[in-house]
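K.L.:
Structure supplied as data.csv; contents: CSV, C-alpha atoms and all ligand atoms.
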```
chain,number,residue,atom,x,y,z
A,1,MET,CA,145.2,69.0,327.4
A,2,ALA,CA,145.4,70.1,331.0
A,3,ASP,CA,142.7,68.8,333.4
A,4,THR,CA,139.5,70.8,334.0
A,5,ALA,CA,140.6,72.0,337.5
A,6,THR,CA,143.8,73.3,336.1
A,7,LEU,CA,142.1,75.0,333.2
A,8,ARG,CA,139.5,76.6,335.5
A,9,ALA,CA,142.2,78.0,337.8
A,10,ARG,CA,144.1,79.3,334.8
A,11,ASN,CA,140.9,80.9,333.4
A,12,PHE,CA,140.1,82.6,336.7
A,13,ALA,CA,143.7,83.9,337.1
A,14,PHE,CA,143.7,85.1,333.5
A,15,TRP,CA,140.4,87.0,333.7
A,16,THR,CA,141.2,88.5,337.1
A,17,GLN,CA,144.6,89.8,335.8
A,18,THR,CA,143.2,90.9,332.4
A,19,ALA,CA,140.1,92.6,333.7
A,20,PRO,CA,141.8,96.0,334.4
A,21,GLY,CA,142.4,96.3,330.6
A,22,TRP,CA,138.8,95.6,329.8
A,23,VAL,CA,137.6,98.1,332.4
A,24,ARG,CA,140.0,100.8,331.1
A,25,HIS,CA,138.9,100.2,327.5
A,26,ALA,CA,135.2,99.4,328.2
A,27,ASP,CA,133.8,102.3,326.1
A,28,ARG,CA,136.2,101.5,323.2
A,29,GLN,CA,135.3,97.8,323.4
A,30,ASP,CA,131.6,98.7,323.3
A,31,GLU,CA,131.9,101.0,320.3
A,32,ILE,CA,134.5,99.2,318.1
A,33,GLY,CA,133.4,95.7,319.2
A,34,ARG,CA,129.7,96.1,318.5
A,35,PRO,CA,129.9,94.1,315.2
A,36,LEU,CA,131.2,91.1,317.1
A,37,GLY,CA,127.8,90.7,318.8
A,38,ALA,CA,125.5,92.0,316.1
A,39,ALA,CA,124.9,88.5,314.6
A,40,ALA,CA,124.0,87.2,318.1
A,41,MET,CA,121.6,90.1,318.6
A,42,ASP,CA,120.0,89.3,315.2
A,43,GLY,CA,119.8,85.6,316.1
A,44,LEU,CA,118.3,86.3,319.5
A,45,ARG,CA,115.6,88.8,318.4
A,46,PRO,CA,114.9,90.1,321.9
A,47,ARG,CA,111.2,90.9,322.4
A,48,PRO,CA,109.7,93.5,324.6
A,49,GLY,CA,109.0,92.2,328.1
A,50,GLU,CA,111.5,89.3,327.9
A,51,ARG,CA,114.1,88.5,330.6
A,52,ILE,CA,117.5,87.9,329.0
A,53,LEU,CA,120.8,86.5,330.3
A,54,ASP,CA,124.1,87.9,329.0
A,55,VAL,CA,126.9,85.2,329.6
A,56,GLY,CA,130.4,86.6,330.0
A,57,CYS,CA,129.0,90.2,330.0
A,58,GLY,CA,132.4,91.9,330.7
A,59,CYS,CA,131.8,95.5,331.5
A,60,GLY,CA,128.1,95.3,330.7
A,61,GLY,CA,127.8,97.1,327.3
A,62,THR,CA,125.9,94.3,325.6
A,63,THR,CA,123.7,93.7,328.7
A,64,ALA,CA,122.6,97.3,328.5
A,65,GLU,CA,121.8,96.9,324.8
A,66,LEU,CA,119.7,93.8,325.7
A,67,ALA,CA,117.9,95.8,328.4
A,68,ALA,CA,117.1,98.5,325.9
A,69,ALA,CA,115.7,95.9,323.5
A,70,VAL,CA,113.3,94.3,326.0
A,71,GLY,CA,112.1,97.7,327.4
A,72,ALA,CA,110.6,98.6,330.7
A,73,GLY,CA,108.7,95.4,331.2
A,74,GLY,CA,111.7,93.2,330.6
A,75,GLU,CA,115.0,92.6,332.3
A,76,ALA,CA,118.6,91.9,331.3
A,77,VAL,CA,121.0,90.1,333.7
A,78,GLY,CA,124.8,90.0,333.0
A,79,VAL,CA,126.9,87.3,334.5
A,80,ASP,CA,130.7,87.3,334.5
A,81,LEU,CA,133.6,85.6,336.3
A,82,ALA,CA,135.6,88.7,336.9
A,83,GLU,CA,134.5,90.7,339.9
A,84,SER,CA,136.1,93.9,338.8
A,85,MET,CA,134.4,93.8,335.4
A,86,VAL,CA,131.0,93.3,337.2
A,87,THR,CA,131.8,96.2,339.5
A,88,ALA,CA,132.6,98.3,336.5
A,89,ALA,CA,129.4,97.3,334.8
A,90,ARG,CA,127.4,98.4,337.9
A,91,GLU,CA,129.2,101.7,337.9
A,92,ARG,CA,128.7,102.3,334.2
A,93,PHE,CA,125.0,101.4,334.4
A,94,PRO,CA,123.8,102.4,337.9
A,95,ARG,CA,120.6,100.8,339.2
A,96,GLU,CA,118.9,104.2,339.7
A,97,ARG,CA,119.1,104.9,335.9
A,98,HIS,CA,118.9,101.3,334.7
A,99,PRO,CA,116.4,99.5,337.0
A,100,ARG,CA,115.9,96.6,334.5
A,101,LEU,CA,119.6,95.8,334.4
A,102,ARG,CA,121.4,93.5,336.9
A,103,PHE,CA,124.9,92.1,337.1
A,104,VAL,CA,126.1,88.9,338.9
A,105,THR,CA,129.6,87.7,339.6
A,106,ALA,CA,129.8,83.9,339.1
A,107,ASP,CA,131.6,81.2,337.2
A,108,ILE,CA,128.9,79.9,334.8
A,109,GLU,CA,130.5,76.5,334.9
A,110,THR,CA,130.1,75.9,338.6
A,111,ILE,CA,126.7,77.2,339.5
A,112,ASP,CA,123.4,75.3,339.2
A,113,ALA,CA,121.6,78.2,337.5
A,114,VAL,CA,122.1,81.9,337.2
A,115,PRO,CA,120.2,83.7,340.0
A,116,GLY,CA,116.8,84.9,338.7
A,117,ALA,CA,116.4,81.9,336.4
A,118,PRO,CA,114.4,80.9,334.4
A,119,PHE,CA,115.2,83.4,331.6
A,120,ASP,CA,113.5,83.6,328.2
A,121,ALA,CA,116.7,83.7,326.3
A,122,ALA,CA,120.5,83.8,326.7
A,123,PHE,CA,123.0,85.9,324.7
A,124,SER,CA,126.8,85.6,324.7
A,125,ARG,CA,129.4,87.6,322.8
A,126,MET,CA,132.8,86.0,322.4
A,127,THR,CA,132.8,84.0,325.6
A,128,LEU,CA,131.7,80.4,325.0
A,129,MET,CA,135.1,79.3,323.5
A,130,LEU,CA,136.9,80.6,326.6
A,131,LEU,CA,135.2,78.3,329.1
A,132,ALA,CA,137.4,75.7,330.8
A,133,ASP,CA,134.6,73.1,330.6
A,134,PRO,CA,132.3,74.4,327.9
A,135,VAL,CA,129.8,71.5,328.4
A,136,ALA,CA,129.4,72.5,332.1
A,137,GLY,CA,129.1,76.2,331.2
A,138,CYS,CA,126.5,75.6,328.5
A,139,THR,CA,124.6,73.1,330.7
A,140,THR,CA,124.2,75.9,333.3
A,141,ILE,CA,123.0,78.2,330.5
A,142,ARG,CA,120.4,75.6,329.5
A,143,ARG,CA,119.3,75.0,333.1
A,144,SER,CA,118.8,78.8,333.4
A,145,LEU,CA,116.3,79.0,330.5
A,146,ARG,CA,112.6,78.3,330.4
A,147,PRO,CA,111.1,75.6,328.1
A,148,GLY,CA,111.6,76.7,324.5
A,149,GLY,CA,114.2,79.3,325.7
A,150,ARG,CA,116.7,80.6,323.1
A,151,LEU,CA,120.4,80.9,323.0
A,152,ALA,CA,122.3,83.1,320.5
A,153,ALA,CA,126.0,83.6,320.6
A,154,THR,CA,129.0,84.6,318.6
A,155,VAL,CA,132.5,83.1,318.8
A,156,PHE,CA,135.7,83.5,316.7
A,157,ARG,CA,136.3,81.0,313.9
A,158,ASP,CA,140.0,80.1,313.3
A,159,GLY,CA,143.1,82.3,313.4
A,160,GLY,CA,143.2,82.6,309.6
A,161,ALA,CA,139.8,84.3,309.6
A,162,ASN,CA,141.0,86.7,312.3
A,163,PRO,CA,144.6,87.4,311.3
A,164,TRP,CA,145.1,90.6,313.4
A,165,LEU,CA,144.2,88.9,316.7
A,166,ALA,CA,147.6,87.4,317.4
A,167,ALA,CA,149.4,90.6,316.4
A,168,ALA,CA,148.9,92.2,319.8
A,169,MET,CA,150.5,89.3,321.6
A,170,LEU,CA,153.2,88.6,319.1
A,171,GLY,CA,154.2,92.3,318.9
A,172,ALA,CA,154.1,92.9,322.7
A,173,ALA,CA,155.8,89.6,323.8
A,174,PRO,CA,159.5,90.6,323.3
A,175,HIS,CA,159.0,93.8,325.3
A,176,VAL,CA,157.1,92.5,328.4
A,177,ARG,CA,157.7,89.9,331.0
A,178,SER,CA,156.2,86.4,330.9
A,179,LEU,CA,152.8,85.7,329.3
A,180,PRO,CA,150.2,83.3,330.7
A,181,PRO,CA,150.2,79.8,329.3
A,182,LEU,CA,148.9,79.7,325.7
A,183,PRO,CA,146.1,77.3,324.8
A,184,ILE,CA,147.0,73.9,323.3
A,185,GLY,CA,144.4,71.9,321.3
A,186,ASP,CA,140.9,72.2,322.7
A,187,GLU,CA,142.0,74.3,325.7
A,188,PRO,CA,140.0,77.5,326.2
A,189,GLY,CA,141.2,80.3,323.9
A,190,PRO,CA,140.0,82.5,321.1
A,191,PHE,CA,140.1,79.7,318.5
A,192,ALA,CA,138.9,76.8,320.7
A,193,PHE,CA,135.5,76.8,318.8
A,194,ALA,CA,137.0,77.0,315.3
A,195,ASP,CA,135.6,73.6,314.4
A,196,PRO,CA,131.8,73.9,314.1
A,197,ALA,CA,131.4,70.2,314.7
A,198,ARG,CA,132.9,70.7,318.1
A,199,VAL,CA,130.5,73.6,318.9
A,200,LYS,CA,127.6,71.4,317.9
A,201,ARG,CA,128.9,68.5,320.1
A,202,VAL,CA,129.3,70.8,323.1
A,203,LEU,CA,125.8,72.3,322.8
A,204,ALA,CA,124.2,68.9,322.2
A,205,ALA,CA,126.0,67.4,325.2
A,206,ALA,CA,124.8,70.4,327.3
A,207,GLY,CA,121.2,69.4,326.3
A,208,PHE,CA,120.4,72.1,323.6
A,209,GLY,CA,118.4,71.3,320.5
A,210,ALA,CA,117.7,73.2,317.2
A,211,ILE,CA,121.5,74.0,317.0
A,212,ALA,CA,122.5,76.2,314.0
A,213,ILE,CA,126.0,77.5,313.3
A,214,GLN,CA,126.5,79.9,310.4
A,215,PRO,CA,129.7,81.7,309.3
A,216,HIS,CA,129.5,85.5,309.7
A,217,GLU,CA,132.1,88.1,308.5
A,218,VAL,CA,132.4,91.5,310.1
A,219,THR,CA,134.9,94.3,310.1
A,220,LEU,CA,135.9,96.2,313.2
A,221,ASP,CA,136.6,99.9,312.3
A,222,ALA,CA,139.0,101.6,314.7
A,223,PRO,CA,140.2,105.2,314.5
A,224,ASP,CA,143.5,106.1,312.9
A,225,GLU,CA,145.4,106.2,316.2
A,226,PRO,CA,148.1,103.6,316.0
A,227,GLY,CA,149.3,103.9,319.6
A,228,THR,CA,145.8,103.8,321.0
A,229,VAL,CA,144.6,100.9,318.9
A,230,ALA,CA,147.8,98.9,319.7
A,231,GLU,CA,147.4,99.6,323.5
A,232,TRP,CA,143.7,98.6,323.4
A,233,LEU,CA,144.4,95.2,321.7
A,234,ILE,CA,147.4,94.5,324.0
A,235,GLU,CA,145.5,95.4,327.2
A,236,VAL,CA,142.5,93.1,326.5
A,237,GLY,CA,144.6,90.2,325.4
A,238,PRO,CA,147.1,87.7,326.9
A,239,ALA,CA,149.9,90.3,327.1
A,240,GLY,CA,147.7,92.8,329.0
A,241,ALA,CA,148.8,92.0,332.6
A,242,ALA,CA,152.5,91.8,331.7
A,243,TYR,CA,152.2,95.1,329.7
A,244,ARG,CA,150.8,96.9,332.7
A,245,ALA,CA,153.7,95.7,334.8
A,246,THR,CA,156.3,96.9,332.3
A,247,ALA,CA,158.2,100.2,332.5
A,248,PRO,CA,156.9,103.0,330.2
A,249,SER,CA,159.9,102.6,327.7
A,250,GLY,CA,159.1,98.9,327.3
A,251,GLN,CA,155.4,99.7,326.9
A,252,ALA,CA,156.2,102.3,324.2
A,253,SER,CA,158.3,99.6,322.4
A,254,ALA,CA,155.5,97.1,322.7
A,255,ARG,CA,153.0,99.6,321.2
A,256,SER,CA,155.3,100.4,318.3
A,257,SER,CA,155.9,96.8,317.5
A,258,VAL,CA,152.2,95.9,317.6
A,259,ALA,CA,151.4,99.0,315.4
A,260,ARG,CA,153.9,97.7,312.8
A,261,LEU,CA,152.2,94.3,312.7
A,262,LEU,CA,148.8,96.0,312.4
A,263,ALA,CA,149.9,98.4,309.6
A,264,ARG,CA,148.5,96.2,306.8
A,265,TYR,CA,145.0,96.8,308.3
A,266,ARG,CA,145.5,100.6,308.4
A,267,THR,CA,144.5,103.1,305.8
A,268,PRO,CA,146.3,106.3,306.9
A,269,GLY,CA,143.9,109.1,307.5
A,270,ALA,CA,140.9,106.7,307.5
A,271,GLY,CA,141.7,104.2,310.3
A,272,TYR,CA,141.9,100.5,310.9
A,273,HIS,CA,139.7,97.9,309.3
A,274,LEU,CA,140.1,94.6,311.1
A,275,PRO,CA,138.4,91.6,309.4
A,276,ALA,CA,136.8,89.1,311.8
A,277,GLY,CA,135.4,85.7,311.0
A,278,LEU,CA,132.8,84.5,313.5
A,279,TRP,CA,130.3,81.7,314.0
A,280,GLN,CA,126.8,82.8,314.7
A,281,ILE,CA,125.3,80.2,316.9
A,282,THR,CA,121.7,79.7,317.8
A,283,ALA,CA,120.1,76.9,319.8
A,284,ALA,CA,117.0,76.3,322.0
A,285,THR,CA,115.9,74.3,325.1
A,286,ASP,CA,113.3,71.6,324.8
A,287,PRO,CA,109.9,73.4,324.3
A,288,VAL,CA,108.1,71.1,326.8
A,289,ARG,CA,110.6,70.0,329.4
A,290,GLY,CA,112.6,73.1,329.1
A,291,GLY,CA,116.0,73.9,330.5
A,292,ARG,CA,115.8,71.8,333.6
A,293,ARG,CA,115.4,68.5,331.9
A,294,ARG,CA,118.1,65.9,332.6
A,295,ARG,CA,120.3,64.8,329.7
A,296,ALA,CA,119.9,61.2,328.6
A,297,GLY,CA,122.9,59.0,329.2
B,301,LIG,C1,136.4,88.0,325.5
B,301,LIG,S1,135.6,88.6,326.9
B,301,LIG,C2,134.0,89.1,326.2
B,301,LIG,C3,133.3,90.1,327.1
B,301,LIG,C4,132.0,90.7,326.5
B,301,LIG,N1,131.1,89.6,326.2
B,301,LIG,C5,132.4,91.5,325.2
B,301,LIG,O1,132.2,90.9,324.1
B,301,LIG,O2,132.9,92.6,325.3
B,301,LIG,C6,135.1,87.1,327.8
B,301,LIG,C7,134.4,87.3,329.1
B,301,LIG,O3,134.0,86.1,329.6
B,301,LIG,C8,134.2,86.0,331.0
B,301,LIG,N2,134.3,84.6,331.4
B,301,LIG,C9,135.3,83.7,331.1
B,301,LIG,N3,135.0,82.6,331.7
B,301,LIG,C10,133.9,82.7,332.4
B,301,LIG,C11,133.1,81.8,333.2
B,301,LIG,N4,133.5,80.6,333.4
B,301,LIG,N5,132.0,82.3,333.8
B,301,LIG,C12,131.5,83.5,333.6
B,301,LIG,N6,132.2,84.4,332.8
B,301,LIG,C13,133.4,84.0,332.2
B,301,LIG,C14,135.5,86.8,331.2
B,301,LIG,O4,135.6,87.3,332.5
B,301,LIG,C15,135.3,87.9,330.2
B,301,LIG,O5,134.6,89.1,330.7
```
Step by step, read the file and then write its structure as structure tokens.
P.N.:
Amino acid sequence: MADTATLRARNFAFWTQTAPGWVRHADRQDEIGRPLGAAAMDGLRPRPGERILDVGCGCGGTTAELAAAVGAGGEAVGVDLAESMVTAARERFPRERHPRLRFVTADIETIDAVPGAPFDAAFSRMTLMLLADPVAGCTTIRRSLRPGGRLAATVFRDGGANPWLAAAMLGAAPHVRSLPPLPIGDEPGPFAFADPARVKRVLAAAGFGAIAIQPHEVTLDAPDEPGTVAEWLIEVGPAGAAYRATAPSGQASARSSVARLLARYRTPGAGYHLPAGLWQITAATDPVRGGRRRRAG
């Protein structure tokens, strides 16, 4: 496993280079990806008037959902490493029309607490397993919460539970230039939190209690548009940056190849049904000492 500084630099480069794909497909990601966060929304149960943090908020869709759930007396703050995604989030949800919604660019692993802390609760959809140093990132989340503050998150389980996820990379790889380094062992990546015992260890080491991890199955329903679905999955994944740098003929070959690999999830005329196996994670900070307590040992 590479050292933390190397993983952090790799993470920053990856998200900076992949962000244009997330910005381009932001509406699609919000719509088709909604089931990926539904279990975390259920686990969080946002209440009117609360202030909620959205960790790894991407282009802000889930942060806007949280702001709607807490109403006019509450606030939702999204934090993300990728400046261009935060810029897109601000453009998609302008302050004039969304006064209770704020976005911050920051690396959750290297700040003491998210500006505006303490928050009542933290939400995160499909981000915690991507952190270079997940204990450091989750420690910042814990320090950003009030006493008795809640965390609810979703992450992917293993590759077997999410068999379509690798298709975009495998199908595109032969048609684009070099891909970024792929994760080895516990290095950050979509399946780095596959082992629930590791998730529990990370959260406990970060100072969280009341940790619960439950399996959750969802299906992502995408329209019957093979080229569009293939391009969306390529562009938000590890082949995204290389795909954007490839000539149109290579891009078309990459899309066809990915569409072939995804064919088993397609019902012609009805669309794609992509099965996703997640962990629904909930945890809380100490009800008395709160998020700012120091961890023993
Ligand atoms: C898989 S995307 C999920 C985005 C969004 N939550 C969603 O579900 O659409 C992971 C997000 O985490 C962000 N991210 C990765 N490492 C981060 C870090 N150390 N601090 C803050 N954000 C980070 C990335 O920039 C990216 O937007």
K.L.:
Which residues form the shell of 6 Å around ligand LIG 301 (chain B) when you count all atoms listed in the file, given as a ChimeraX atom specification?
P.N.:
/A:15,56-58,80-82,106-109,125-127,130-131
K.L.:
May I ask which of the residues A:Ile111, A:Gly137, A:Ala67, A:Thr285 is the closest one to Arg97 of chain A, counting only C-alpha atoms?
P.N.:
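Ranked by minimum distance to Arg97 of chain A, first place goes to A:Ala67.
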K.L.:
Which of these, A:Gly209, A:Gly240, A:Gly116, A:Gly250, has the shortest distance to His25 of chain A once you count all atoms listed in the file?
P.N.:
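Ranked by minimum distance to His25 of chain A, first place goes to A:Gly240.
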K.L.:
Could you name the residues that touch segment 35-42 of chain A at 9 Å or less, counting all atoms listed in the file, but leaving out those on the same chain fewer than 5 positions away, as a VMD selection string?
P.N.:
chain A and resid 62 66 123 to 126 151 to 156 216 218 to 220 276 278 to 282
K.L.:
Compare A:Cys138, A:Leu128, A:Val70, A:Leu101 by their minimum atom-to-atom distance to Gly49 of chain A, counting all atoms listed in the file, and give me the closest one.
P.N.:
A:Val70
K.L.:
Please list as number ranges by chain every residue within 9 Å of Val176 of chain A, counting only C-alpha atoms and excluding residues in the same chain fewer than 5 positions away.
P.N.:
A: 239, 242-247, 250-251, 254
K.L.:
With only C-alpha atoms as the basis for distance, which of A:Arg100, A:Arg47, A:Arg264, A:Arg28 is at the shortest distance from Pro163 of chain A?
P.N.:
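Nearest candidate to Pro163 of chain A out of A:Arg100, A:Arg47, A:Arg264, A:Arg28: A:Arg264.
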K.L.:
Work out how far apart atom CA of Ala136 of chain A and atom CA of Asp112 of chain A are and give it in Å to one decimal.
P.N.:
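Interatomic distance, atom CA of Ala136 of chain A to atom CA of Asp112 of chain A: 9.7 Å.
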K.L.:
Please, what distance in Å, to one decimal, runs between atom CA of Leu7 of chain A and atom CA of Glu83 of chain A?
P.N.:
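Answer for the atom CA of Leu7 of chain A to atom CA of Glu83 of chain A separation: 18.7 Å.
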K.L.:
Kindly indicate which residue among A:Ala122, A:Gly148, A:Gly60, A:Arg92 lies nearest to Val104 of chain A, using all atoms listed in the file for the distances.
P.N.:
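Between A:Ala122, A:Gly148, A:Gly60, A:Arg92, the residue approaching Val104 of chain A most closely is A:Gly60.
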K.L.:
Looking at all atoms listed in the file, which of A:Leu182, A:Ala192, A:Ala69, A:Ala172 is the one that sits closest to Glu231 of chain A?
P.N.:
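When distances to Glu231 of chain A are compared using all atoms listed in the file, the smallest one comes from A:Ala172.
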K.L.:
Measure the distance from atom CA of Ser249 of chain A to atom CA of Trp22 of chain A in Å and round it to one decimal.
P.N.:
22.3 Å
